[in-house]
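Dumped work_16.pdb below, it's PDB, C-alpha atoms:
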```
ATOM      1  CA  MET A 117      69.858  16.666 113.590
ATOM      2  CA  SER A 118      68.267  19.757 115.038
ATOM      3  CA  ARG A 119      70.312  22.382 116.838
ATOM      4  CA  ARG A 120      68.520  21.606 120.110
ATOM      5  CA  LYS A 121      69.379  17.890 119.981
ATOM      6  CA  ARG A 122      73.042  18.646 119.212
ATOM      7  CA  ARG A 123      73.212  20.979 122.188
ATOM      8  CA  GLN A 124      71.651  18.380 124.513
ATOM      9  CA  LYS A 125      73.993  15.637 123.310
ATOM     10  CA  SER A 126      77.134  17.659 124.060
ATOM     11  CA  ARG A 127      76.083  18.693 127.594
ATOM     12  CA  ARG A 128      78.351  17.281 130.287
ATOM     13  CA  PHE A 129      78.081  17.597 134.029
ATOM     14  CA  VAL A 130      79.637  16.294 137.231
ATOM     15  CA  ALA A 131      77.290  14.578 139.663
ATOM     16  CA  LEU A 132      78.024  14.485 143.381
ATOM     17  CA  ASP A 133      75.686  12.102 145.146
ATOM     18  CA  ALA A 134      74.081  13.275 148.372
ATOM     19  CA  TRP A 135      75.156  10.120 150.241
ATOM     20  CA  LEU A 136      78.801  10.892 149.362
ATOM     21  CA  MET A 137      78.547  14.470 150.619
ATOM     22  CA  GLU A 138      76.980  13.270 153.884
ATOM     23  CA  THR A 139      79.955  11.075 154.829
ATOM     24  CA  ALA A 140      82.329  12.123 157.603
ATOM     25  CA  ALA A 141      85.208  12.011 155.127
ATOM     26  CA  TRP A 142      83.556  14.529 152.758
ATOM     27  CA  GLN A 143      82.542  16.799 155.630
ATOM     28  CA  SER A 144      86.169  16.900 156.791
ATOM     29  CA  LEU A 145      87.538  18.080 153.408
ATOM     30  CA  SER A 146      88.616  21.660 152.839
ATOM     31  CA  PRO A 147      87.131  23.605 149.907
ATOM     32  CA  THR A 148      90.342  23.117 147.902
ATOM     33  CA  GLU A 149      90.250  19.355 148.434
ATOM     34  CA  ARG A 150      86.617  19.255 147.337
ATOM     35  CA  VAL A 151      87.296  21.307 144.200
ATOM     36  CA  ILE A 152      90.208  19.071 143.205
ATOM     37  CA  TYR A 153      87.966  16.018 143.668
ATOM     38  CA  VAL A 154      85.400  17.655 141.370
ATOM     39  CA  GLU A 155      88.198  18.287 138.833
ATOM     40  CA  LEU A 156      89.190  14.620 138.938
ATOM     41  CA  LYS A 157      85.584  13.571 138.516
ATOM     42  CA  ARG A 158      85.205  16.016 135.617
ATOM     43  CA  ARG A 159      88.023  14.195 133.841
ATOM     44  CA  TYR A 160      86.162  10.881 134.196
ATOM     45  CA  ASN A 161      84.464  10.139 130.874
ATOM     46  CA  GLY A 162      82.489   7.041 131.814
ATOM     47  CA  SER A 163      85.123   4.493 130.830
ATOM     48  CA  ASN A 164      88.511   5.741 132.065
ATOM     49  CA  ASN A 165      88.350   5.174 135.829
ATOM     50  CA  GLY A 166      91.840   4.023 136.759
ATOM     51  CA  TYR A 167      93.331   6.005 133.886
ATOM     52  CA  ILE A 168      92.378   9.526 135.050
ATOM     53  CA  ALA A 169      95.584  11.521 134.661
ATOM     54  CA  LEU A 170      96.168  14.607 136.776
ATOM     55  CA  SER A 171      99.531  16.066 137.682
ATOM     56  CA  VAL A 172      99.978  18.321 140.690
ATOM     57  CA  ARG A 173     100.846  21.158 138.323
ATOM     58  CA  ASP A 174      97.644  20.624 136.273
ATOM     59  CA  ALA A 175      95.545  20.398 139.446
ATOM     60  CA  ALA A 176      97.040  23.638 140.750
ATOM     61  CA  SER A 177      96.378  25.406 137.463
ATOM     62  CA  ALA A 178      92.831  24.035 137.137
ATOM     63  CA  VAL A 179      91.705  25.273 140.561
ATOM     64  CA  ASN A 180      93.988  28.313 140.852
ATOM     65  CA  VAL A 181      96.052  27.282 143.879
ATOM     66  CA  SER A 182      99.770  26.701 144.440
ATOM     67  CA  LYS A 183     101.416  23.384 143.546
ATOM     68  CA  THR A 184     102.069  22.768 147.247
ATOM     69  CA  THR A 185      98.381  23.214 148.096
ATOM     70  CA  ALA A 186      97.286  21.005 145.193
ATOM     71  CA  GLY A 187      99.749  18.275 146.185
ATOM     72  CA  ARG A 188      98.568  18.388 149.780
ATOM     73  CA  ALA A 189      94.916  18.193 148.637
ATOM     74  CA  LEU A 190      95.592  15.137 146.449
ATOM     75  CA  LYS A 191      97.349  13.445 149.363
ATOM     76  CA  VAL A 192      94.368  14.109 151.671
ATOM     77  CA  LEU A 193      91.938  12.767 149.064
ATOM     78  CA  GLU A 194      94.013   9.597 148.860
ATOM     79  CA  GLU A 195      94.292   9.261 152.664
ATOM     80  CA  ARG A 196      90.533   9.686 153.118
ATOM     81  CA  GLY A 197      89.838   7.042 150.460
ATOM     82  CA  PHE A 198      88.241   9.133 147.705
ATOM     83  CA  ILE A 199      90.958   8.348 145.171
ATOM     84  CA  ALA A 200      93.625   5.696 144.670
ATOM     85  CA  ILE A 201      96.787   5.922 142.606
ATOM     86  CA  THR A 202      96.958   3.363 139.801
ATOM     87  CA  THR A 203     100.148   4.630 138.124
ATOM     88  CA  GLN A 204     102.659   6.718 140.047
ATOM     89  CA  SER A 205     104.595   9.450 138.273
ATOM     90  CA  GLY A 206     107.818  11.132 139.223
ATOM     91  CA  PHE A 207     110.995  12.767 137.994
ATOM     92  CA  ASN A 208     112.718   9.408 137.625
ATOM     93  CA  ARG A 209     110.267   8.245 134.929
ATOM     94  CA  LYS A 210     111.412   8.686 131.340
ATOM     95  CA  ASP A 211     107.949   9.126 129.794
ATOM     96  CA  ARG A 212     106.949  12.162 131.916
ATOM     97  CA  ALA A 213     103.410  10.865 132.365
ATOM     98  CA  ALA A 214     101.136  12.317 135.032
ATOM     99  CA  THR A 215      99.971  10.208 137.948
ATOM    100  CA  GLU A 216      96.830   8.224 137.106
ATOM    101  CA  TYR A 217      94.003   7.825 139.591
ATOM    102  CA  ARG A 218      90.810   5.898 140.099
ATOM    103  CA  LEU A 219      87.774   7.268 141.899
ATOM    104  CA  THR A 220      86.849   4.732 144.574
ATOM    105  CA  GLU A 221      83.135   5.548 144.381
ATOM    106  CA  LEU A 222      82.976   4.144 140.805
ATOM    107  CA  LEU A 223      83.733   0.866 139.077
ATOM    108  CA  CYS A 224      87.380   0.613 137.995
ATOM    109  CA  ASP A 225      87.978   0.239 134.259
ATOM    110  CA  ARG A 226      91.658  -0.692 134.588
ATOM    111  CA  SER A 227      92.468  -4.370 134.042
ATOM    112  CA  GLY A 228      94.234  -6.088 136.902
ATOM    113  CA  TRP A 229      92.406  -3.990 139.509
ATOM    114  CA  ALA A 230      89.302  -4.856 141.502
ATOM    115  CA  SER A 231      86.467  -3.754 139.250
ATOM    116  CA  GLU A 232      83.958  -2.983 141.996
ATOM    117  CA  ALA A 233      83.680   0.381 143.681
ATOM    118  CA  THR A 234      85.534   0.143 146.995
ATOM    119  CA  LYS A 235      84.166   3.391 148.516
ATOM    120  CA  GLU A 236      86.944   3.469 151.105
ATOM    121  CA  PHE A 237      85.934   6.977 152.232
ATOM    122  CA  VAL A 238      82.743   5.572 153.808
ATOM    123  CA  ARG A 239      84.828   3.702 156.412
ATOM    124  CA  TRP A 240      87.067   6.702 157.181
ATOM    125  CA  GLN A 241      86.760   8.059 160.725
ATOM    126  CA  PRO A 242      88.272  11.352 161.900
ATOM    127  CA  SER A 243      91.242  11.272 164.237
ATOM    128  CA  GLU A 244      91.568  13.734 167.107
ATOM    129  CA  ALA A 245      93.747  16.031 164.976
ATOM    130  CA  THR A 246      91.160  16.057 162.195
ATOM    131  CA  LYS A 247      88.329  16.742 164.644
ATOM    132  CA  THR A 248      90.228  19.755 165.982
ATOM    133  CA  ARG A 249      90.878  21.062 162.447
ATOM    134  CA  THR A 250      87.240  20.763 161.354
ATOM    135  CA  GLN A 251      85.951  22.340 164.560
ATOM    136  CA  SER A 252      88.210  25.361 164.185
ATOM    137  CA  HIS A 253      87.238  25.784 160.473
ATOM    138  CA  PRO A 254      83.466  25.350 160.142
TER     139      PRO A 254
END
```
Would you mind writing the file's structure down as structure tokens?
Amino acid sequence: MSRRKRRQKSRRFVALDAWLMETAAWQSLSPTERVIYVELKRRYNGSNNGYIALSVRDAASAVNVSKTTAGRALKVLEERGFIAITTQSGFNRKDRAATEYRLTELLCDRSGWASEATKEFVRWQPSEATKTRTQSHP
């Protein structure tokens, strides 16, 4: 195999569709929330949606923010419908596994879950509090 073909085969990228970025839910996200979504999507390998593991600590480290900010961003992404938790983590679990997510814009690979993309963020509408926040931070 030529060097050029090897290089092309190993290239990876994260695609953000224009229709997703035009939704009211995406427009309402802060830069930190958007970057954490990109990090989650980067961890998607084409067949692990529903098994994407990301702890708050790893998210904070990956995007260079505090754990509090990362936790808040993950919560907003879940509330707006971009992600859904498939396996919850916590201090009471013995295996110390990170929370696992699915991206709602993609088909779910986890058995026992609806396999179709639910795209819950498309139906999200801003509340008055959200409208005020986005107007004060263009």
Resolved residues for the PyMOL selection byres ((chain A and resi 189) around 9) as a short mmCIF file (atom, residue, chain, number, x, y, z; two decimals) with C-alpha atoms, in the frame of the given file:
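Done, and the output landed in selection.cif:
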```
data_model
loop_
_atom_site.label_atom_id
_atom_site.label_comp_id
_atom_site.auth_asym_id
_atom_site.auth_seq_id
_atom_site.Cartn_x
_atom_site.Cartn_y
_atom_site.Cartn_z
CA LEU A 145 87.54 18.08 153.41
CA SER A 146 88.62 21.66 152.84
CA THR A 148 90.34 23.12 147.90
CA GLU A 149 90.25 19.36 148.43
CA ARG A 150 86.62 19.26 147.34
CA ILE A 152 90.21 19.07 143.21
CA TYR A 153 87.97 16.02 143.67
CA THR A 184 102.07 22.77 147.25
CA THR A 185 98.38 23.21 148.10
CA ALA A 186 97.29 21.00 145.19
CA GLY A 187 99.75 18.27 146.18
CA ARG A 188 98.57 18.39 149.78
CA LEU A 190 95.59 15.14 146.45
CA LYS A 191 97.35 13.44 149.36
CA VAL A 192 94.37 14.11 151.67
CA LEU A 193 91.94 12.77 149.06
CA GLU A 194 94.01 9.60 148.86
#
```
Exercise on segment 185-196 of chain A, axis-aligned box with 6 Å per side, report centre and edge lengths in Å to one decimal, as lines of an AutoDock Vina configuration file:
```
center_x = 95.1
center_y = 16.2
center_z = 149.2
size_x = 21.2
size_y = 26.0
size_z = 19.9
```
note = If you count only C-alpha atoms, the residue of A:Glu195, A:Ile201, A:Asn165, A:Ala213 closest to Arg226 of chain A turns out to be A:Asn165
task = Translate the PyMOL selection byres ((chain A and resi 200) around 9), as applied to the file shown, into an explicit residue set as number ranges by chain.
result = A: 166, 193-195, 197-199, 201-202, 216-220
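Interatomic distance, atom CA of Thr139 of chain A to atom CA of Lys157 of chain A: 17.4 Å.
Restricting the calculation to only C-alpha atoms, the smallest distance between Val181 of chain A and any of A:Arg196, A:Val151, A:Ser163, A:Arg158 is found for A:Val151.
The space separating atom CA of Thr203 of chain A from atom CA of Ala169 of chain A comes to 9.0 Å.
Residue nearest Met137 of chain A within the list A:Gly228, A:Leu170, A:Ser243, A:Val238: A:Val238 [criterion: smallest interatomic distance, only C-alpha atoms].
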Among listed residues A:Asn161, A:Gln143, A:Thr215, A:Ser227, nearest Asp174 of chain A (using only C-alpha atoms) = A:Thr215
